[in-house]
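For reference, run-v7.csv is printed below; it contains CSV, C-alpha atoms and all ligand atoms.
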chain,number,residue,atom,x,y,z
A,1,MET,CA,99.0,165.9,206.9
A,2,LEU,CA,101.8,164.4,209.0
A,3,LYS,CA,102.5,165.8,212.4
A,4,GLY,CA,104.9,164.9,215.2
A,5,VAL,CA,104.4,166.4,218.6
A,6,GLY,CA,107.0,166.4,221.4
A,7,LEU,CA,108.9,163.5,220.0
A,8,TYR,CA,111.7,161.9,222.0
A,9,LYS,CA,113.8,158.9,221.3
A,10,VAL,CA,116.2,157.5,223.8
A,11,PHE,CA,118.3,154.5,223.0
A,12,GLU,CA,119.6,152.5,226.0
A,13,SER,CA,122.2,149.9,226.0
A,14,GLY,CA,124.4,148.0,228.5
A,15,PHE,CA,123.6,146.5,231.9
A,16,PHE,CA,121.0,148.5,233.7
A,17,SER,CA,120.7,150.8,230.7
A,18,LYS,CA,123.9,152.4,231.5
A,19,HIS,CA,124.3,154.1,228.2
A,20,ARG,CA,121.5,156.5,227.2
A,21,ILE,CA,121.6,158.2,223.9
A,22,VAL,CA,119.0,160.9,223.3
A,23,ALA,CA,118.7,160.6,219.6
A,24,VAL,CA,115.7,162.9,219.2
A,25,ASP,CA,115.2,165.4,221.9
A,26,GLY,CA,111.7,167.1,221.8
A,27,VAL,CA,110.9,167.6,218.2
A,28,ASP,CA,107.7,169.2,216.8
A,29,ILE,CA,107.4,168.8,213.1
A,30,GLU,CA,104.7,169.1,210.5
A,31,ILE,CA,104.7,168.1,206.8
A,32,ASN,CA,101.9,169.3,204.6
A,33,ARG,CA,100.3,167.4,201.8
A,34,GLY,CA,102.4,167.4,198.7
A,35,GLU,CA,105.2,169.4,200.4
A,36,VAL,CA,109.0,168.7,200.3
A,37,LEU,CA,110.5,169.4,203.6
A,38,ALA,CA,114.3,169.0,203.7
A,39,LEU,CA,115.7,167.9,207.1
A,40,VAL,CA,119.4,168.9,207.2
A,41,GLY,CA,122.1,168.5,209.7
A,42,GLU,CA,125.3,166.6,210.3
A,43,SER,CA,125.5,162.9,210.7
A,44,GLY,CA,124.5,161.9,214.2
A,45,SER,CA,122.1,164.8,214.6
A,46,GLY,CA,119.1,162.4,214.8
A,47,LYS,CA,117.7,163.0,211.3
A,48,SER,CA,117.3,159.3,210.3
A,49,THR,CA,115.8,158.4,213.7
A,50,LEU,CA,113.3,161.2,213.4
A,51,GLY,CA,112.4,160.1,209.8
A,52,ARG,CA,111.9,156.5,210.9
A,53,MET,CA,109.9,157.5,213.9
A,54,LEU,CA,107.5,159.5,211.7
A,55,LEU,CA,106.9,156.2,209.8
A,56,MET,CA,106.6,154.3,213.1
A,57,LEU,CA,109.5,152.1,212.1
A,58,VAL,CA,111.1,153.3,215.3
A,59,ARG,CA,108.7,153.7,218.3
A,60,PRO,CA,109.0,157.1,220.0
A,61,THR,CA,110.0,156.9,223.7
A,62,ARG,CA,107.6,159.8,224.2
A,63,GLY,CA,105.5,162.0,221.9
A,64,GLU,CA,102.7,161.8,219.4
A,65,ILE,CA,102.5,161.2,215.6
A,66,TYR,CA,99.4,162.0,213.6
A,67,PHE,CA,98.8,161.1,210.0
A,68,ASP,CA,95.7,162.8,208.6
A,69,GLY,CA,94.5,163.1,212.2
A,70,LEU,CA,95.1,159.3,212.9
A,71,ASP,CA,97.0,158.7,216.1
A,72,LEU,CA,99.8,156.4,215.0
A,73,VAL,CA,101.4,155.8,218.4
A,74,ARG,CA,98.2,154.5,220.0
A,75,MET,CA,96.9,152.7,216.9
A,76,LYS,CA,96.5,148.9,216.9
A,77,ALA,CA,99.0,146.9,214.9
A,78,GLY,CA,96.5,145.8,212.2
A,79,ASP,CA,95.3,149.4,211.6
A,80,LEU,CA,98.9,150.6,211.6
A,81,ARG,CA,99.7,148.1,208.8
A,82,ARG,CA,96.9,149.6,206.7
A,83,VAL,CA,98.2,153.2,207.3
A,84,ARG,CA,101.7,152.1,206.5
A,85,ARG,CA,100.8,151.7,202.8
A,86,ARG,CA,100.3,155.4,202.7
A,87,MET,CA,103.9,156.2,203.9
A,88,GLN,CA,107.1,154.7,202.6
A,89,LEU,CA,110.8,154.9,203.2
A,90,ILE,CA,113.6,155.2,200.6
A,91,PRO,CA,116.7,154.3,202.6
A,92,GLN,CA,120.3,155.3,202.1
A,93,HIS,CA,121.4,151.7,201.3
A,94,PRO,CA,119.0,150.3,198.7
A,95,GLU,CA,120.5,146.8,199.1
A,96,ASP,CA,119.1,146.7,202.6
A,97,ALA,CA,115.6,147.1,201.3
A,98,LEU,CA,115.8,144.2,198.7
A,99,ASP,CA,116.0,140.5,199.3
A,100,PRO,CA,119.2,139.3,197.5
A,101,ARG,CA,117.5,135.9,196.7
A,102,TRP,CA,114.6,137.5,194.9
A,103,ARG,CA,114.3,138.8,191.3
A,104,ILE,CA,113.6,142.5,191.1
A,105,TYR,CA,110.1,141.7,189.8
A,106,ASP,CA,109.2,140.0,193.0
A,107,SER,CA,110.7,142.7,195.2
A,108,ILE,CA,108.5,145.3,193.4
A,109,ALA,CA,105.4,143.1,193.5
A,110,GLU,CA,105.8,142.3,197.2
A,111,PRO,CA,104.4,145.5,198.8
A,112,LEU,CA,101.4,145.3,196.4
A,113,ARG,CA,100.8,141.7,197.4
A,114,ILE,CA,101.1,142.5,201.1
A,115,HIS,CA,98.5,145.2,200.8
A,116,GLY,CA,96.2,143.2,198.6
A,117,LEU,CA,96.6,145.5,195.6
A,118,ASP,CA,96.7,144.7,191.9
A,119,CYS,CA,100.2,143.3,191.1
A,120,SER,CA,99.6,142.2,187.5
A,121,ARG,CA,102.5,142.2,185.0
A,122,ASP,CA,101.3,145.4,183.4
A,123,ILE,CA,101.5,147.3,186.7
A,124,ILE,CA,105.0,146.0,187.5
A,125,HIS,CA,106.2,146.8,183.9
A,126,ASN,CA,104.8,150.3,184.2
A,127,LEU,CA,106.5,150.8,187.5
A,128,ILE,CA,109.9,149.8,186.2
A,129,GLU,CA,109.6,152.2,183.3
A,130,MET,CA,108.5,155.0,185.6
A,131,VAL,CA,111.8,154.8,187.4
A,132,GLY,CA,113.8,154.8,184.1
A,133,LEU,CA,114.7,151.1,184.0
A,134,ARG,CA,113.7,148.5,181.4
A,135,GLU,CA,111.7,145.3,181.5
A,136,GLU,CA,114.9,143.2,181.4
A,137,HIS,CA,115.9,144.6,184.8
A,138,LEU,CA,112.8,142.9,186.3
A,139,TYR,CA,114.3,139.4,185.8
A,140,ARG,CA,117.7,140.1,187.4
A,141,TYR,CA,118.9,139.8,190.9
A,142,PRO,CA,120.1,142.7,193.1
A,143,HIS,CA,123.8,141.8,192.7
A,144,GLU,CA,123.4,142.1,188.9
A,145,LEU,CA,122.4,145.8,189.2
A,146,SER,CA,124.5,148.9,189.9
A,147,GLY,CA,123.9,151.1,193.0
A,148,GLY,CA,122.0,153.7,190.9
A,149,GLU,CA,119.8,150.9,189.4
A,150,LEU,CA,119.1,149.4,192.8
A,151,GLN,CA,118.1,152.8,194.1
A,152,ARG,CA,115.6,153.1,191.2
A,153,VAL,CA,114.2,149.7,192.1
A,154,VAL,CA,113.7,150.8,195.7
A,155,ILE,CA,112.0,153.9,194.4
A,156,ALA,CA,109.7,151.8,192.2
A,157,ARG,CA,108.9,149.6,195.2
A,158,ALA,CA,108.1,152.7,197.4
A,159,ILE,CA,105.8,154.3,194.8
A,160,ALA,CA,104.1,151.0,193.9
A,161,VAL,CA,101.6,151.4,196.7
A,162,GLU,CA,100.8,155.0,195.8
A,163,PRO,CA,102.0,156.5,199.1
A,164,GLU,CA,101.1,160.1,200.2
A,165,PHE,CA,104.3,160.5,202.2
A,166,ILE,CA,107.8,159.3,201.6
A,167,VAL,CA,110.8,159.7,203.8
A,168,CYS,CA,113.9,159.8,201.6
A,169,ASP,CA,116.8,159.2,203.9
A,170,GLU,CA,120.0,160.4,202.2
A,171,PRO,CA,118.9,158.5,199.0
A,172,THR,CA,121.9,159.5,196.9
A,173,SER,CA,124.7,159.8,199.4
A,174,MET,CA,126.1,156.3,198.6
A,175,LEU,CA,126.1,156.9,194.9
A,176,ASP,CA,128.7,158.2,192.5
A,177,MET,CA,128.4,162.0,191.8
A,178,SER,CA,127.4,161.3,188.2
A,179,VAL,CA,124.5,159.1,189.3
A,180,GLN,CA,123.3,161.3,192.2
A,181,ALA,CA,121.9,164.0,190.0
A,182,SER,CA,119.9,161.5,187.9
A,183,ILE,CA,118.3,160.0,191.1
A,184,VAL,CA,117.5,163.4,192.4
A,185,ASN,CA,115.9,164.3,189.1
A,186,LEU,CA,113.9,161.1,189.2
A,187,LEU,CA,112.6,161.9,192.7
A,188,VAL,CA,111.7,165.4,191.8
A,189,SER,CA,109.9,164.4,188.6
A,190,LEU,CA,107.9,161.7,190.5
A,191,HIS,CA,107.0,164.2,193.1
A,192,LYS,CA,105.7,166.5,190.3
A,193,LYS,CA,103.8,163.7,188.7
A,194,LEU,CA,102.4,161.9,191.7
A,195,GLY,CA,102.2,164.8,194.2
A,196,MET,CA,103.3,162.9,197.4
A,197,ALA,CA,105.0,164.7,200.2
A,198,TYR,CA,108.7,164.1,201.0
A,199,LEU,CA,110.7,164.4,204.1
A,200,PHE,CA,114.0,164.7,202.4
A,201,ILE,CA,116.8,163.9,204.8
A,202,THR,CA,120.3,165.1,203.7
A,203,HIS,CA,123.5,166.6,204.9
A,204,ASP,CA,123.9,168.2,201.5
A,205,LEU,CA,122.8,171.8,201.7
A,206,GLU,CA,122.9,172.3,198.0
A,207,LEU,CA,120.6,169.4,197.4
A,208,ALA,CA,118.2,170.7,200.1
A,209,ARG,CA,118.1,174.0,198.3
A,210,ILE,CA,117.3,172.3,195.0
A,211,VAL,CA,114.5,170.0,196.2
A,212,ALA,CA,112.9,171.6,199.2
A,213,ASP,CA,109.9,173.9,199.7
A,214,ARG,CA,110.9,174.3,203.3
A,215,VAL,CA,114.0,173.4,205.3
A,216,ALA,CA,114.3,172.2,208.9
A,217,VAL,CA,117.8,172.2,210.5
A,218,MET,CA,118.6,169.6,213.1
A,219,PHE,CA,121.3,169.8,215.7
A,220,ALA,CA,121.9,167.3,218.6
A,221,GLY,CA,118.4,165.8,218.4
A,222,GLN,CA,116.6,169.1,218.2
A,223,ILE,CA,115.2,171.2,215.3
A,224,VAL,CA,116.9,174.6,215.8
A,225,GLU,CA,115.5,176.4,212.8
A,226,GLU,CA,112.8,176.0,210.2
A,227,GLY,CA,111.5,178.0,207.3
A,228,VAL,CA,111.5,178.6,203.6
A,229,ASP,CA,114.8,180.6,203.1
A,230,VAL,CA,116.7,179.2,206.1
A,231,LEU,CA,119.8,178.3,204.1
A,232,ASP,CA,119.9,181.7,202.3
A,233,ARG,CA,119.1,183.8,205.3
A,234,PRO,CA,120.0,181.8,208.4
A,235,LEU,CA,119.1,183.3,211.8
A,236,HIS,CA,120.3,180.6,214.2
A,237,PRO,CA,124.0,180.7,214.8
A,238,TYR,CA,124.3,176.9,214.1
A,239,THR,CA,122.6,177.3,210.7
A,240,GLU,CA,125.0,180.1,210.0
A,241,MET,CA,127.9,178.0,210.9
A,242,LEU,CA,126.6,175.0,208.9
A,243,VAL,CA,126.2,177.1,205.8
A,244,ARG,CA,129.7,178.6,206.3
A,245,SER,CA,131.2,175.2,206.9
A,246,VAL,CA,130.2,174.1,203.5
A,247,GLU,CA,131.5,177.3,201.8
A,248,GLU,CA,134.7,177.3,203.7
A,249,SER,CA,134.9,173.5,204.2
A,250,PHE,CA,135.7,173.2,207.9
A,251,GLU,CA,134.4,170.5,210.3
A,252,LEU,CA,131.8,170.9,213.0
A,253,THR,CA,131.6,168.6,215.9
A,254,GLN,CA,128.5,168.1,217.9
A,255,ARG,CA,128.4,168.7,221.6
A,256,SER,CA,125.3,168.1,223.6
A,257,GLU,CA,126.3,167.0,227.0
A,258,ARG,CA,124.9,170.0,228.8
A,259,SER,CA,121.7,171.6,229.8
A,260,GLY,CA,120.6,174.9,228.2
A,261,CYS,CA,121.3,175.5,224.5
A,262,LYS,CA,122.9,172.5,222.9
A,263,PHE,CA,125.0,174.7,220.6
A,264,TYR,CA,126.4,176.6,223.6
A,265,SER,CA,130.0,175.4,223.5
A,266,LEU,CA,130.4,176.1,219.8
A,267,CYS,CA,128.3,179.3,219.6
A,268,PRO,CA,130.2,182.5,218.8
A,269,LYS,CA,127.2,184.5,220.0
A,270,ARG,CA,126.5,182.8,223.3
A,271,MET,CA,125.2,184.8,226.2
A,272,GLU,CA,124.6,184.2,229.9
A,273,ILE,CA,121.0,183.3,229.3
A,274,CYS,CA,122.0,180.5,227.0
A,275,SER,CA,122.6,178.2,229.9
A,276,ASP,CA,118.7,178.1,230.0
A,277,HIS,CA,117.1,175.9,227.4
A,278,PRO,CA,115.8,178.1,224.5
A,279,GLU,CA,112.3,177.5,223.3
A,280,MET,CA,111.3,177.6,219.7
A,281,VAL,CA,110.2,181.1,218.7
A,282,ARG,CA,108.0,181.9,215.8
A,283,LEU,CA,109.0,184.8,213.5
A,284,GLY,CA,106.6,185.1,210.6
A,285,ASP,CA,107.0,181.9,208.6
A,286,ARG,CA,110.3,181.1,210.4
A,287,LYS,CA,110.8,179.2,213.6
A,288,VAL,CA,114.1,179.4,215.5
A,289,ARG,CA,115.3,178.0,218.8
A,290,CYS,CA,117.8,180.6,220.1
A,291,HIS,CA,117.7,183.2,222.8
A,292,LEU,CA,118.9,185.9,220.3
A,293,PHE,CA,115.3,185.9,219.1
A,294,ASP,CA,113.3,185.7,222.3
A,301,LIG,FE1,124.0,180.6,220.7
A,301,LIG,FE2,122.7,181.3,222.9
A,301,LIG,FE3,121.4,181.1,220.5
A,301,LIG,FE4,122.3,178.9,221.7
A,301,LIG,S1,120.7,180.2,222.4
A,301,LIG,S2,122.5,179.4,219.6
A,301,LIG,S3,124.2,179.6,222.7
A,301,LIG,S4,123.0,182.6,221.1
A,302,MG,MG,121.4,159.1,208.8

Would you mind writing the structure in this file as structure tokens?
Amino acid sequence: MLKGVGLYKVFESGFFSKHRIVAVDGVDIEINRGEVLALVGESGSGKSTLGRMLLMLVRPTRGEIYFDGLDLVRMKAGDLRRVRRRMQLIPQHPEDALDPRWRIYDSIAEPLRIHGLDCSRDIIHNLIEMVGLREEHLYRYPHELSGGELQRVVIARAIAVEPEFIVCDEPTSMLDMSVQASIVNLLVSLHKKLGMAYLFITHDLELARIVADRVAVMFAGQIVEEGVDVLDRPLHPYTEMLVRSVEESFELTQRSERSGCKFYSLCPKRMEICSDHPEMVRLGDRKVRCHLFD
């Protein structure tokens, strides 16, 4: 359903573009209809940029994005607006997605109005109930709601337009532990009920295990491994280390300022050949970017 091919994103800043940051470095990714793909990796690995790029909220420097065969990168702005209804973002900071001067009612109705859809009272009331809040919440302002309630509002706003694909970008990482589980349960139950696909971005491997049909592991702007049981049976040395770092709670630091494998300087299994860039290799239903599996 959604497909990214050869995606790159370079951010440039300073005079004469002195500082170049390659946030996404040649990613191929595919998300099937109704599937939950977890995108895991440490902060700064490019997960959020990749997620926003798939929604065309960030324009790729290079590469292609197809949604049901529609070429989003080359699409005219007006057509893209129509396709946008079918894909939504649930961001990490819900307050960023809501206008502080608006009542919750108007924030939920807004996307429906923009896309010329029915935004009658009944629909808005039904939406607020679907996310586990009450009618009275509709007539409050964002500052009168808790973080968990705000995230529920943002979820209501995202599902209002009946999207087929939602990028959930660390949707619970800013919430208290006690609230996190209830938001995850809500997202899972909405997925079961409505059948949309999720790209579920998280650095929480336990959460990825719970929600995902498939897991992709990102390191230094690249997907290094992808498959169903990646976290239980890691092949890539980075995934192994990531899983162990959670179990043994040590810190990993990203290094990427070199050619060849980006994990080279941290990799316990590095070989001479690893100074050449490893290509993604397919092993059954698994994909892995590492010379150990060439
Ligand atoms: Fe380690 Fe080489 Fe594999 Fe990179 S390609 S992860 S350095 S073994
Ligand atoms: Mg992020």

As a quick test: using only C-alpha atoms and all ligand atoms, which residues lie no more than 7 Å away from ligand MG 302 (chain A)? Give them as an MDAnalysis selection string. chainID A and resid 43:44 47:48 169:170

Could you tell me which of A:Val161, A:Val215, A:Val154, A:Ile223 comes closest to Pro91 of chain A if we count all atoms listed in the file?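 Among A:Val161, A:Val215, A:Val154, A:Ile223, it is A:Val154 that comes nearest to Pro91 of chain A.
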
Show me the residues around (107.0, 151.8, 198.2) - criterion: an atom at most 9 Å away, all atoms listed in the file counted - as a VMD selection string. chain A and resid 85 to 90 108 111 to 112 154 to 163 166

Given a cut-off of 10 Å, what residues near ligand LIG 301 (chain A) show up using all atoms listed in the file, put as JSON, numbers by chain? {"A": [224, 235, 236, 237, 238, 239, 240, 260, 261, 262, 263, 264, 265, 266, 267, 268, 269, 270, 271, 272, 273, 274, 275, 276, 277, 278, 279, 288, 289, 290, 291, 292, 293, 294]}

Generate a file of the selected residues that holds C-alpha atoms, formatted as a CSV table (one decimal), keeping the file's coordinate frame.
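As written to disk, result-v8.csv reads:
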chain,number,residue,atom,x,y,z
A,224,VAL,CA,116.9,174.6,215.8
A,235,LEU,CA,119.1,183.3,211.8
A,236,HIS,CA,120.3,180.6,214.2
A,237,PRO,CA,124.0,180.7,214.8
A,238,TYR,CA,124.3,176.9,214.1
A,239,THR,CA,122.6,177.3,210.7
A,240,GLU,CA,125.0,180.1,210.0
A,260,GLY,CA,120.6,174.9,228.2
A,261,CYS,CA,121.3,175.5,224.5
A,262,LYS,CA,122.9,172.5,222.9
A,263,PHE,CA,125.0,174.7,220.6
A,264,TYR,CA,126.4,176.6,223.6
A,265,SER,CA,130.0,175.4,223.5
A,266,LEU,CA,130.4,176.1,219.8
A,267,CYS,CA,128.3,179.3,219.6
A,268,PRO,CA,130.2,182.5,218.8
A,269,LYS,CA,127.2,184.5,220.0
A,270,ARG,CA,126.5,182.8,223.3
A,271,MET,CA,125.2,184.8,226.2
A,272,GLU,CA,124.6,184.2,229.9
A,273,ILE,CA,121.0,183.3,229.3
A,274,CYS,CA,122.0,180.5,227.0
A,275,SER,CA,122.6,178.2,229.9
A,276,ASP,CA,118.7,178.1,230.0
A,277,HIS,CA,117.1,175.9,227.4
A,278,PRO,CA,115.8,178.1,224.5
A,279,GLU,CA,112.3,177.5,223.3
A,288,VAL,CA,114.1,179.4,215.5
A,289,ARG,CA,115.3,178.0,218.8
A,290,CYS,CA,117.8,180.6,220.1
A,291,HIS,CA,117.7,183.2,222.8
A,292,LEU,CA,118.9,185.9,220.3
A,293,PHE,CA,115.3,185.9,219.1
A,294,ASP,CA,113.3,185.7,222.3

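Of note, atom CA of Arg152 of chain A and atom CA of Val131 of chain A are spaced 5.6 Å apart.
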
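Between Asp28 of chain A and the residues A:Glu110, A:Glu136, A:Glu226, A:Glu129, the shortest atom-to-atom distance, using all atoms listed in the file, involves A:Glu226.
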
What is the distance between atom CA of Arg74 of chain A and atom CA of Arg62 of chain A, in Å to one decimal?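 Pair atom CA of Arg74 of chain A / atom CA of Arg62 of chain A returns 11.6 Å.
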
Do you have the atom CA of Glu225 of chain A-atom CA of Glu35 of chain A distance handy? 17.6 Å

Would you mind listing what lies within 8 Å of Val40 of chain A as a list in words, with all atoms listed in the file counted and same-chain residues fewer than 2 positions away left out?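 The filter keeps Ala38, Glu42, Lys47, Ile201, Thr202, His203, Asp204, Leu205, Ala208, Val215, Ala216, Val217 and Met218 of chain A.
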
Contacts of segment 9-14 of chain A at 7 Å or less, counting only C-alpha atoms, minus same-chain residues fewer than 4 places along, as a list in words? Lys18, His19, Arg20, Ile21, Val22, Ala23, Val24, Asp25, Pro60, Thr61 and Arg62 of chain A

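By all atoms listed in the file, and with residues fewer than 2 positions from Glu135 of chain A along its chain excluded, the set lying at most 10 Å from it is Tyr105, Ile124, His125, Asn126, Leu127, Ile128, Glu129, Leu133, His137, Leu138, Tyr139 and Arg140 of chain A.
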
Counting all atoms listed in the file, closest pick from A:Val211, A:Val5, A:Leu70, A:Leu199 relative to Ile31 of chain A is A:Leu199

For Val27 of chain A, which residue among A:Gly116, A:Gly69, A:Gly221, A:Pro100 is the nearest when counting only C-alpha atoms?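 When distances to Val27 of chain A are compared using only C-alpha atoms, the smallest one comes from A:Gly221.
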
Minimum-distance residue to Met174 of chain A, chosen among A:Arg209, A:Ser146, A:Ile29, A:Asp79 (using only C-alpha atoms):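 Using only C-alpha atoms, Met174 of chain A sits closest to A:Ser146.
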
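Each of A:Glu64, A:Gly41, A:Gln180, A:Leu190 was checked against Leu242 of chain A using only C-alpha atoms; the smallest atom-to-atom distance is that of A:Gly41.
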
Protein, DNA and RNA residues within 7 Å of (98.4, 145.1, 204.1), all atoms listed in the file, as a list in words: Arg81, Arg82, Ile114, His115 and Gly116 of chain A
